[in-house]
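The structure file structure_6.pdb is reproduced below (PDB, C-alpha atoms, pLDDT in the B column).
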```
ATOM      1  CA  MET A  62      -0.096 -23.624-114.879  1.00 47.00           C
ATOM      2  CA  SER A  63      -0.890 -20.585-112.845  1.00 43.00           C
ATOM      3  CA  ALA A  64      -0.267 -19.265-109.389  1.00 45.00           C
ATOM      4  CA  GLY A  65      -2.762 -16.954-107.739  1.00 44.00           C
ATOM      5  CA  ARG A  66      -5.025 -16.654-110.799  1.00 50.00           C
ATOM      6  CA  ASP A  67      -8.793 -16.915-111.090  1.00 63.00           C
ATOM      7  CA  PRO A  68      -9.897 -20.518-111.586  1.00 75.00           C
ATOM      8  CA  ALA A  69     -10.246 -21.764-115.124  1.00 86.00           C
ATOM      9  CA  ARG A  70     -13.507 -22.928-116.630  1.00 95.00           C
ATOM     10  CA  THR A  71     -13.279 -26.482-117.905  1.00 97.00           C
ATOM     11  CA  TYR A  72     -15.092 -28.000-120.889  1.00 97.00           C
ATOM     12  CA  ALA A  73     -14.508 -31.742-121.275  1.00 97.00           C
ATOM     13  CA  THR A  74     -15.327 -34.992-123.017  1.00 97.00           C
ATOM     14  CA  ASP A  75     -13.878 -38.424-122.313  1.00 97.00           C
ATOM     15  CA  ALA A  76     -11.030 -37.584-124.709  1.00 98.00           C
ATOM     16  CA  ILE A  77      -9.955 -34.034-123.839  1.00 98.00           C
ATOM     17  CA  ALA A  78     -10.504 -31.243-121.330  1.00 98.00           C
ATOM     18  CA  VAL A  79     -10.152 -27.625-122.429  1.00 98.00           C
ATOM     19  CA  GLU A  80      -9.457 -25.057-119.717  1.00 97.00           C
ATOM     20  CA  TRP A  81     -10.201 -21.379-120.293  1.00 97.00           C
ATOM     21  CA  GLU A  82      -8.994 -18.529-118.057  1.00 96.00           C
ATOM     22  CA  PRO A  83     -11.156 -15.522-118.958  1.00 95.00           C
ATOM     23  CA  LYS A  84      -8.816 -13.053-117.258  1.00 94.00           C
ATOM     24  CA  LEU A  85      -6.042 -13.925-119.732  1.00 96.00           C
ATOM     25  CA  CYS A  86      -8.206 -13.872-122.861  1.00 96.00           C
ATOM     26  CA  ILE A  87      -7.756 -10.810-125.075  1.00 95.00           C
ATOM     27  CA  HIS A  88     -10.000 -12.179-127.835  1.00 94.00           C
ATOM     28  CA  THR A  89      -7.488 -12.702-130.620  1.00 95.00           C
ATOM     29  CA  GLU A  90     -10.040 -15.296-131.789  1.00 96.00           C
ATOM     30  CA  ASN A  91      -7.467 -17.746-133.171  1.00 96.00           C
ATOM     31  CA  CYS A  92      -9.646 -20.486-131.684  1.00 97.00           C
ATOM     32  CA  VAL A  93     -12.847 -19.176-133.305  1.00 97.00           C
ATOM     33  CA  ARG A  94     -11.207 -18.863-136.738  1.00 97.00           C
ATOM     34  CA  GLY A  95      -9.462 -22.226-136.379  1.00 97.00           C
ATOM     35  CA  LEU A  96     -12.375 -24.379-135.199  1.00 98.00           C
ATOM     36  CA  PRO A  97     -15.648 -22.424-135.224  1.00 98.00           C
ATOM     37  CA  GLN A  98     -17.773 -25.516-134.589  1.00 98.00           C
ATOM     38  CA  VAL A  99     -16.021 -25.871-131.192  1.00 98.00           C
ATOM     39  CA  PHE A 100     -15.297 -22.241-130.264  1.00 98.00           C
ATOM     40  CA  ASP A 101     -18.096 -19.697-130.729  1.00 97.00           C
ATOM     41  CA  GLY A 102     -18.255 -16.656-128.463  1.00 92.00           C
ATOM     42  CA  SER A 103     -21.878 -15.942-129.368  1.00 94.00           C
ATOM     43  CA  ARG A 104     -23.033 -19.301-127.969  1.00 94.00           C
ATOM     44  CA  ARG A 105     -23.384 -20.586-124.388  1.00 94.00           C
ATOM     45  CA  PRO A 106     -21.488 -22.609-123.572  1.00 95.00           C
ATOM     46  CA  TRP A 107     -19.029 -21.047-125.955  1.00 96.00           C
ATOM     47  CA  VAL A 108     -16.871 -24.219-126.088  1.00 97.00           C
ATOM     48  CA  LEU A 109     -18.378 -27.475-127.414  1.00 97.00           C
ATOM     49  CA  VAL A 110     -15.441 -29.852-127.077  1.00 97.00           C
ATOM     50  CA  ASP A 111     -17.344 -32.779-128.599  1.00 96.00           C
ATOM     51  CA  ALA A 112     -17.919 -30.896-131.899  1.00 98.00           C
ATOM     52  CA  ALA A 113     -14.502 -32.028-133.224  1.00 98.00           C
ATOM     53  CA  ASP A 114     -11.974 -34.749-132.529  1.00 97.00           C
ATOM     54  CA  ALA A 115      -9.475 -34.308-129.706  1.00 98.00           C
ATOM     55  CA  ASP A 116      -6.502 -33.855-132.062  1.00 98.00           C
ATOM     56  CA  ALA A 117      -8.189 -30.934-133.843  1.00 98.00           C
ATOM     57  CA  VAL A 118      -9.222 -29.337-130.543  1.00 98.00           C
ATOM     58  CA  ALA A 119      -5.692 -29.684-129.129  1.00 98.00           C
ATOM     59  CA  ALA A 120      -4.085 -28.234-132.264  1.00 98.00           C
ATOM     60  CA  THR A 121      -6.439 -25.248-132.195  1.00 98.00           C
ATOM     61  CA  VAL A 122      -5.899 -24.599-128.479  1.00 98.00           C
ATOM     62  CA  MET A 123      -2.151 -24.430-129.162  1.00 97.00           C
ATOM     63  CA  THR A 124      -2.763 -21.424-131.441  1.00 97.00           C
ATOM     64  CA  CYS A 125      -3.990 -19.359-128.470  1.00 97.00           C
ATOM     65  CA  PRO A 126      -1.183 -16.819-127.985  1.00 97.00           C
ATOM     66  CA  THR A 127      -2.176 -15.741-124.466  1.00 97.00           C
ATOM     67  CA  GLY A 128      -2.337 -19.033-122.581  1.00 96.00           C
ATOM     68  CA  ALA A 129      -6.013 -18.386-121.825  1.00 97.00           C
ATOM     69  CA  LEU A 130      -6.749 -21.787-123.391  1.00 98.00           C
ATOM     70  CA  HIS A 131      -5.009 -25.032-122.466  1.00 97.00           C
ATOM     71  CA  PHE A 132      -5.878 -28.682-122.860  1.00 97.00           C
ATOM     72  CA  ARG A 133      -5.371 -31.998-121.079  1.00 97.00           C
ATOM     73  CA  ARG A 134      -5.697 -35.186-123.069  1.00 98.00           C
ATOM     74  CA  LEU A 135      -7.771 -37.780-121.215  1.00 98.00           C
ATOM     75  CA  ASP A 136      -7.573 -40.407-123.964  1.00 97.00           C
ATOM     76  CA  GLY A 137      -3.821 -41.085-123.827  1.00 97.00           C
ATOM     77  CA  GLY A 138      -3.118 -38.594-126.642  1.00 96.00           C
ATOM     78  CA  PRO A 139      -0.139 -36.239-126.490  1.00 96.00           C
ATOM     79  CA  GLN A 140      -0.229 -33.612-123.744  1.00 97.00           C
ATOM     80  CA  GLU A 141       0.573 -29.960-124.249  1.00 94.00           C
ATOM     81  CA  GLU A 142       4.301 -29.269-124.162  1.00 93.00           C
ATOM     82  CA  PRO A 143       6.162 -25.945-124.289  1.00 92.00           C
ATOM     83  CA  ASP A 144       7.964 -25.029-127.502  1.00 91.00           C
ATOM     84  CA  SER A 145      11.577 -26.225-127.459  1.00 92.00           C
ATOM     85  CA  GLU A 146      12.889 -22.665-127.434  1.00 95.00           C
ATOM     86  CA  THR A 147      11.425 -19.566-125.838  1.00 95.00           C
ATOM     87  CA  THR A 148      10.443 -16.847-128.284  1.00 96.00           C
ATOM     88  CA  ILE A 149       9.151 -13.307-127.797  1.00 96.00           C
ATOM     89  CA  GLU A 150       7.099 -11.785-130.599  1.00 95.00           C
ATOM     90  CA  PRO A 151       6.158  -8.113-130.336  1.00 95.00           C
ATOM     91  CA  ARG A 152       2.737  -7.649-131.912  1.00 93.00           C
ATOM     92  CA  PRO A 153       2.179  -4.456-133.904  1.00 92.00           C
ATOM     93  CA  ASN A 154       0.487  -1.950-131.587  1.00 93.00           C
ATOM     94  CA  GLY A 155      -0.085  -4.707-129.042  1.00 92.00           C
ATOM     95  CA  PRO A 156       1.427  -7.062-126.489  1.00 96.00           C
ATOM     96  CA  LEU A 157       4.478  -9.276-126.433  1.00 96.00           C
ATOM     97  CA  PHE A 158       3.533 -12.874-127.246  1.00 97.00           C
ATOM     98  CA  VAL A 159       5.872 -15.234-125.379  1.00 97.00           C
ATOM     99  CA  ARG A 160       6.038 -18.966-126.146  1.00 97.00           C
ATOM    100  CA  GLY A 161       8.180 -21.684-124.574  1.00 96.00           C
ATOM    101  CA  LYS A 162       8.910 -22.544-120.975  1.00 96.00           C
ATOM    102  CA  VAL A 163       7.853 -19.293-119.322  1.00 96.00           C
ATOM    103  CA  ARG A 164       8.260 -18.455-115.626  1.00 96.00           C
ATOM    104  CA  ILE A 165       7.169 -15.004-114.484  1.00 96.00           C
ATOM    105  CA  LEU A 166       8.307 -13.783-111.069  1.00 96.00           C
ATOM    106  CA  ASP A 167       7.242 -10.704-109.131  1.00 94.00           C
ATOM    107  CA  SER A 168       9.686  -8.170-107.647  1.00 93.00           C
ATOM    108  CA  ASP A 169      10.065 -10.383-104.548  1.00 96.00           C
ATOM    109  CA  GLY A 170      10.995 -13.418-106.633  1.00 96.00           C
ATOM    110  CA  GLU A 171       7.608 -15.068-106.057  1.00 96.00           C
ATOM    111  CA  LEU A 172       6.169 -17.077-108.916  1.00 97.00           C
ATOM    112  CA  ILE A 173       3.294 -15.281-110.628  1.00 95.00           C
ATOM    113  CA  ARG A 174       2.797 -17.785-113.456  1.00 95.00           C
ATOM    114  CA  GLU A 175       4.459 -20.721-115.122  1.00 95.00           C
ATOM    115  CA  ASP A 176       3.076 -21.415-118.577  1.00 96.00           C
ATOM    116  CA  THR A 177       3.771 -22.336-122.205  1.00 96.00           C
ATOM    117  CA  ARG A 178       2.243 -19.171-123.703  1.00 97.00           C
ATOM    118  CA  VAL A 179       1.549 -15.663-122.379  1.00 97.00           C
ATOM    119  CA  ALA A 180       0.732 -12.201-123.693  1.00 97.00           C
ATOM    120  CA  LEU A 181       2.580  -9.509-121.763  1.00 97.00           C
ATOM    121  CA  CYS A 182       1.501  -5.870-121.638  1.00 97.00           C
ATOM    122  CA  ARG A 183       3.794  -3.325-123.209  1.00 95.00           C
ATOM    123  CA  CYS A 184       1.427  -0.351-123.412  1.00 95.00           C
ATOM    124  CA  GLY A 185       1.347   0.164-119.632  1.00 95.00           C
ATOM    125  CA  ALA A 186      -2.466   0.407-119.442  1.00 95.00           C
ATOM    126  CA  SER A 187      -3.344  -3.199-118.512  1.00 96.00           C
ATOM    127  CA  LYS A 188      -5.290  -3.678-115.301  1.00 96.00           C
ATOM    128  CA  ASN A 189      -3.920  -7.248-115.191  1.00 95.00           C
ATOM    129  CA  LYS A 190      -0.165  -6.541-115.340  1.00 95.00           C
ATOM    130  CA  PRO A 191       2.138  -8.041-116.316  1.00 96.00           C
ATOM    131  CA  PHE A 192      -0.426  -9.661-118.625  1.00 97.00           C
ATOM    132  CA  CYS A 193      -2.150  -7.930-121.516  1.00 96.00           C
ATOM    133  CA  ASP A 194      -5.859  -7.292-121.007  1.00 95.00           C
ATOM    134  CA  GLY A 195      -6.526  -5.638-124.368  1.00 92.00           C
ATOM    135  CA  SER A 196      -6.213  -2.073-123.025  1.00 94.00           C
ATOM    136  CA  HIS A 197      -3.824  -1.226-125.880  1.00 94.00           C
ATOM    137  CA  ARG A 198      -6.892  -1.046-128.146  1.00 92.00           C
ATOM    138  CA  GLU A 199      -8.719   1.389-125.830  1.00 93.00           C
ATOM    139  CA  ILE A 200      -5.772   3.775-125.532  1.00 91.00           C
ATOM    140  CA  ARG A 201      -4.832   3.401-129.205  1.00 93.00           C
ATOM    141  CA  PHE A 202      -1.319   2.271-128.301  1.00 93.00           C
ATOM    142  CA  THR A 203       1.015   2.436-131.262  1.00 92.00           C
ATOM    143  CA  THR A 204       4.467   1.059-131.838  1.00 85.00           C
ATOM    144  CA  ALA A 205       4.904   2.817-135.170  1.00 71.00           C
ATOM    145  CA  SER A 206       8.324   4.294-135.630  1.00 60.00           C
ATOM    146  CA  PRO A 207       8.379   8.075-136.135  1.00 54.00           C
ATOM    147  CA  GLY A 208       9.129   9.257-139.644  1.00 51.00           C
ATOM    148  CA  PRO A 209      12.432  11.063-140.349  1.00 54.00           C
ATOM    149  CA  ASP A 210      10.900  14.514-139.817  1.00 52.00           C
ATOM    150  CA  GLU A 211       9.242  13.483-136.531  1.00 46.00           C
ATOM    151  CA  ALA A 212      12.401  11.937-135.079  1.00 46.00           C
ATOM    152  CA  THR A 213      14.194  15.272-134.871  1.00 43.00           C
ATOM    153  CA  GLY A 214      11.291  16.757-132.845  1.00 41.00           C
TER     154      GLY A 214
END
```
Would it be possible to restate this file's structure as C-alpha cells?
Amino acid sequence: MSAGRDPARTYATDAIAVEWEPKLCIHTENCVRGLPQVFDGSRRPWVLVDAADADAVAATVMTCPTGALHFRRLDGGPQEEPDSETTIEPRPNGPLFVRGKVRILDSDGELIREDTRVALCRCGASKNKPFCDGSHREIRFTTASPGPDEATG
C-alpha cells in the first residue's frame, strides 16, 4: 500500500491480519469506539485481533479515515477494496479525508503512496506532509468562515 513509509506493525490470527502504520495514525479513534474489545490504546498490545470475529474486525478497520489501519483476510473472506468512487471530505478544522483509489505523487512524479484511504494535511503544519499528523490541533487550525463584519477587514 505504501512506498517509502515506515513498516507497519502486524497483529494476526489465522483468519485476519491487521496492519497499523503509526506514522499515519492521527487518533480519530474510530477503531476504539467501533470495537473496543479489539482496539484499546491503553493496552499493550493495543490490538487483540482474536477478541472479535474477522468480519467485525474488517468492518471496523474500514472506518479508519487515515489508512493507518488495513487488513488482509487469511480465511478466504473478502479483502479490502477501494470505494467505487473517490471522495474528498474536508473535516472541520482538520485534514482532508480521501477515500477511493488514491495515488499520491511527489513533484517529480514519483509514487509516494497508493492506498484506499488517506488523511491529507491542509493546515500546513504537518511534519509528515502531505499526510496529516494531527498538528492542526496544536496550532488551533480553523476553517471557520469569517462573519460578515470580518470579511470586509
Might you spell out which residues the PyMOL selection byres ((chain A and resi 178) around 8) would select in the displayed file, as a list of chain:residue names?
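Matching residues under the PyMOL selection byres ((chain A and resi 178) around 8) are A:Cys125, A:Pro126, A:Thr127, A:Gly128, A:Pro143, A:Phe158, A:Val159, A:Arg160, A:Gly161, A:Lys162, A:Val163, A:Asp176, A:Thr177, A:Val179, A:Ala180.
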Excluding Phe202 of chain A and residues on its chain fewer than 2 positions from it, collect all residues at most 7 Å away from it, counting all atoms listed in the file, and give them as a VMD selection string.
chain A and resid 154 184 197 to 198 200 204
Go ahead and compute the interatomic distance for atom CA of Ile77 of chain A and atom CA of Met123 of chain A, in Å to one decimal.
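So the two atoms, atom CA of Ile77 of chain A and atom CA of Met123 of chain A, lie 13.5 Å apart.
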Excluding His131 of chain A and residues on its chain fewer than 3 positions from it, collect all residues at most 7 Å away from it, counting only C-alpha atoms, and give them as a VMD selection string.
chain A and resid 79 to 81 122 128
With distances taken over all atoms listed in the file, which of A:Glu171, A:Glu90, A:Asp116, A:Glu146 is nearest to Arg134 of chain A?
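Checking each of A:Glu171, A:Glu90, A:Asp116, A:Glu146 against Arg134 of chain A, counting all atoms listed in the file, the winner is A:Asp116.
One finds atom CA of Ala73 of chain A at 15.7 Å from atom CA of Asp101 of chain A.
Atom CA of Thr124 of chain A lies 22.4 Å from atom CA of Ser187 of chain A.
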For the structure shown, which residues end up in the PyMOL selection byres ((chain A and resi 112) around 10)? Put them as an MDAnalysis selection string, please?
chainID A and resid 96:100 108:111 113:115 117:118
Report as a PyMOL selection string the full result of the PyMOL selection byres ((chain A and resi 192) around 6) when it is applied to this structure.
chain A and resi 180-182+189-191+193
Go through A:Ile149, A:Val93, A:Ala186, A:Leu85 one by one, measure the shortest atom-to-atom distance of each to Leu130 of chain A using only C-alpha atoms, and give the residue with the smallest value.
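Closest candidate: A:Leu85.
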For Lys84 of chain A, the nearest of the candidates A:Thr121, A:Ala69, A:Ile165, A:Glu199, counting all atoms listed in the file:
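When distances to Lys84 of chain A are compared using all atoms listed in the file, the smallest one comes from A:Ala69.
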Under the rule that only C-alpha atoms are counted, which of A:Glu142, A:Ser168, A:Gly155, A:Thr147 is the nearest residue to Asp194 of chain A?
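Nearest candidate to Asp194 of chain A out of A:Glu142, A:Ser168, A:Gly155, A:Thr147: A:Gly155.
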Around all of segment 148-163 of chain A's listed atoms, make the axis-aligned box with 8 Å on each side and tell me centre and edge lengths in Å to one decimal, as AutoDock Vina command-line options.
```
--center_x 5.2 --center_y -12.2 --center_z -126.6 --size_x 26.5 --size_y 36.6 --size_z 30.6
```
Return the single residue from A:Asp136, A:Ala120, A:Leu172, A:Gly195 that is closest to Leu157 of chain A, with distances computed using only C-alpha atoms.
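Smallest separation from Leu157 of chain A among the options: A:Gly195.
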Taking only C-alpha atoms into account, which of A:Ile87, A:Phe132, A:Ala205, A:Ser103 comes nearest Pro156 of chain A?
A:Ile87
Since fewer atoms than expected are present, regenerate N, CA and C atoms for segment 152-177 of chain A and write them as a PDB file, in the coordinates of the input.
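part-v6.pdb, freshly written:
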```
ATOM      1  N   ARG A 152       3.850  -7.808-130.980  1.00 93.00           N
ATOM      2  CA  ARG A 152       2.737  -7.649-131.912  1.00 93.00           C
ATOM      3  C   ARG A 152       2.594  -6.171-132.262  1.00 93.00           C
ATOM      4  N   PRO A 153       2.341  -5.865-133.526  1.00 92.00           N
ATOM      5  CA  PRO A 153       2.179  -4.456-133.904  1.00 92.00           C
ATOM      6  C   PRO A 153       1.080  -3.801-133.065  1.00 92.00           C
ATOM      7  N   ASN A 154       1.438  -2.726-132.401  1.00 93.00           N
ATOM      8  CA  ASN A 154       0.487  -1.950-131.587  1.00 93.00           C
ATOM      9  C   ASN A 154      -0.176  -2.789-130.509  1.00 93.00           C
ATOM     10  N   GLY A 155       0.508  -3.811-130.035  1.00 92.00           N
ATOM     11  CA  GLY A 155      -0.085  -4.707-129.042  1.00 92.00           C
ATOM     12  C   GLY A 155       0.940  -5.306-128.110  1.00 92.00           C
ATOM     13  N   PRO A 156       0.595  -6.460-127.533  1.00 96.00           N
ATOM     14  CA  PRO A 156       1.427  -7.062-126.489  1.00 96.00           C
ATOM     15  C   PRO A 156       2.649  -7.793-127.032  1.00 96.00           C
ATOM     16  N   LEU A 157       3.402  -8.347-126.111  1.00 96.00           N
ATOM     17  CA  LEU A 157       4.478  -9.276-126.433  1.00 96.00           C
ATOM     18  C   LEU A 157       3.906 -10.677-126.272  1.00 96.00           C
ATOM     19  N   PHE A 158       3.943 -11.481-127.332  1.00 97.00           N
ATOM     20  CA  PHE A 158       3.533 -12.874-127.246  1.00 97.00           C
ATOM     21  C   PHE A 158       4.781 -13.694-126.933  1.00 97.00           C
ATOM     22  N   VAL A 159       4.740 -14.422-125.821  1.00 97.00           N
ATOM     23  CA  VAL A 159       5.872 -15.234-125.379  1.00 97.00           C
ATOM     24  C   VAL A 159       5.450 -16.694-125.426  1.00 97.00           C
ATOM     25  N   ARG A 160       6.296 -17.530-126.051  1.00 97.00           N
ATOM     26  CA  ARG A 160       6.038 -18.966-126.146  1.00 97.00           C
ATOM     27  C   ARG A 160       7.278 -19.715-125.695  1.00 97.00           C
ATOM     28  N   GLY A 161       7.081 -20.850-125.044  1.00 96.00           N
ATOM     29  CA  GLY A 161       8.180 -21.684-124.574  1.00 96.00           C
ATOM     30  C   GLY A 161       7.947 -22.041-123.126  1.00 96.00           C
ATOM     31  N   LYS A 162       9.015 -22.281-122.409  1.00 96.00           N
ATOM     32  CA  LYS A 162       8.910 -22.544-120.975  1.00 96.00           C
ATOM     33  C   LYS A 162       9.038 -21.199-120.265  1.00 96.00           C
ATOM     34  N   VAL A 163       7.904 -20.656-119.843  1.00 96.00           N
ATOM     35  CA  VAL A 163       7.853 -19.293-119.322  1.00 96.00           C
ATOM     36  C   VAL A 163       7.593 -19.327-117.819  1.00 96.00           C
ATOM     37  N   ARG A 164       8.449 -18.646-117.070  1.00 96.00           N
ATOM     38  CA  ARG A 164       8.260 -18.455-115.626  1.00 96.00           C
ATOM     39  C   ARG A 164       8.305 -16.968-115.360  1.00 96.00           C
ATOM     40  N   ILE A 165       7.247 -16.437-114.773  1.00 96.00           N
ATOM     41  CA  ILE A 165       7.169 -15.004-114.484  1.00 96.00           C
ATOM     42  C   ILE A 165       7.189 -14.839-112.975  1.00 96.00           C
ATOM     43  N   LEU A 166       8.141 -14.037-112.497  1.00 96.00           N
ATOM     44  CA  LEU A 166       8.307 -13.783-111.069  1.00 96.00           C
ATOM     45  C   LEU A 166       7.965 -12.339-110.766  1.00 96.00           C
ATOM     46  N   ASP A 167       7.483 -12.086-109.543  1.00 94.00           N
ATOM     47  CA  ASP A 167       7.242 -10.704-109.131  1.00 94.00           C
ATOM     48  C   ASP A 167       8.538 -10.109-108.585  1.00 94.00           C
ATOM     49  N   SER A 168       8.479  -8.870-108.113  1.00 93.00           N
ATOM     50  CA  SER A 168       9.686  -8.170-107.647  1.00 93.00           C
ATOM     51  C   SER A 168      10.299  -8.814-106.410  1.00 93.00           C
ATOM     52  N   ASP A 169       9.537  -9.658-105.709  1.00 96.00           N
ATOM     53  CA  ASP A 169      10.065 -10.383-104.548  1.00 96.00           C
ATOM     54  C   ASP A 169      10.557 -11.773-104.914  1.00 96.00           C
ATOM     55  N   GLY A 170      10.545 -12.104-106.188  1.00 96.00           N
ATOM     56  CA  GLY A 170      10.995 -13.418-106.633  1.00 96.00           C
ATOM     57  C   GLY A 170       9.933 -14.497-106.505  1.00 96.00           C
ATOM     58  N   GLU A 171       8.703 -14.096-106.181  1.00 96.00           N
ATOM     59  CA  GLU A 171       7.608 -15.068-106.057  1.00 96.00           C
ATOM     60  C   GLU A 171       7.040 -15.382-107.444  1.00 96.00           C
ATOM     61  N   LEU A 172       6.715 -16.647-107.644  1.00 97.00           N
ATOM     62  CA  LEU A 172       6.169 -17.077-108.916  1.00 97.00           C
ATOM     63  C   LEU A 172       4.776 -16.501-109.130  1.00 97.00           C
ATOM     64  N   ILE A 173       4.602 -15.795-110.233  1.00 95.00           N
ATOM     65  CA  ILE A 173       3.294 -15.281-110.628  1.00 95.00           C
ATOM     66  C   ILE A 173       2.612 -16.310-111.537  1.00 95.00           C
ATOM     67  N   ARG A 174       3.370 -16.829-112.500  1.00 95.00           N
ATOM     68  CA  ARG A 174       2.797 -17.785-113.456  1.00 95.00           C
ATOM     69  C   ARG A 174       3.905 -18.582-114.113  1.00 95.00           C
ATOM     70  N   GLU A 175       3.606 -19.832-114.335  1.00 95.00           N
ATOM     71  CA  GLU A 175       4.459 -20.721-115.122  1.00 95.00           C
ATOM     72  C   GLU A 175       3.560 -21.258-116.228  1.00 95.00           C
ATOM     73  N   ASP A 176       3.972 -21.089-117.474  1.00 96.00           N
ATOM     74  CA  ASP A 176       3.076 -21.415-118.577  1.00 96.00           C
ATOM     75  C   ASP A 176       3.878 -21.712-119.840  1.00 96.00           C
ATOM     76  N   THR A 177       3.163 -22.077-120.902  1.00 96.00           N
ATOM     77  CA  THR A 177       3.771 -22.336-122.205  1.00 96.00           C
ATOM     78  C   THR A 177       3.555 -21.177-123.173  1.00 96.00           C
TER      79      THR A 177
END
```
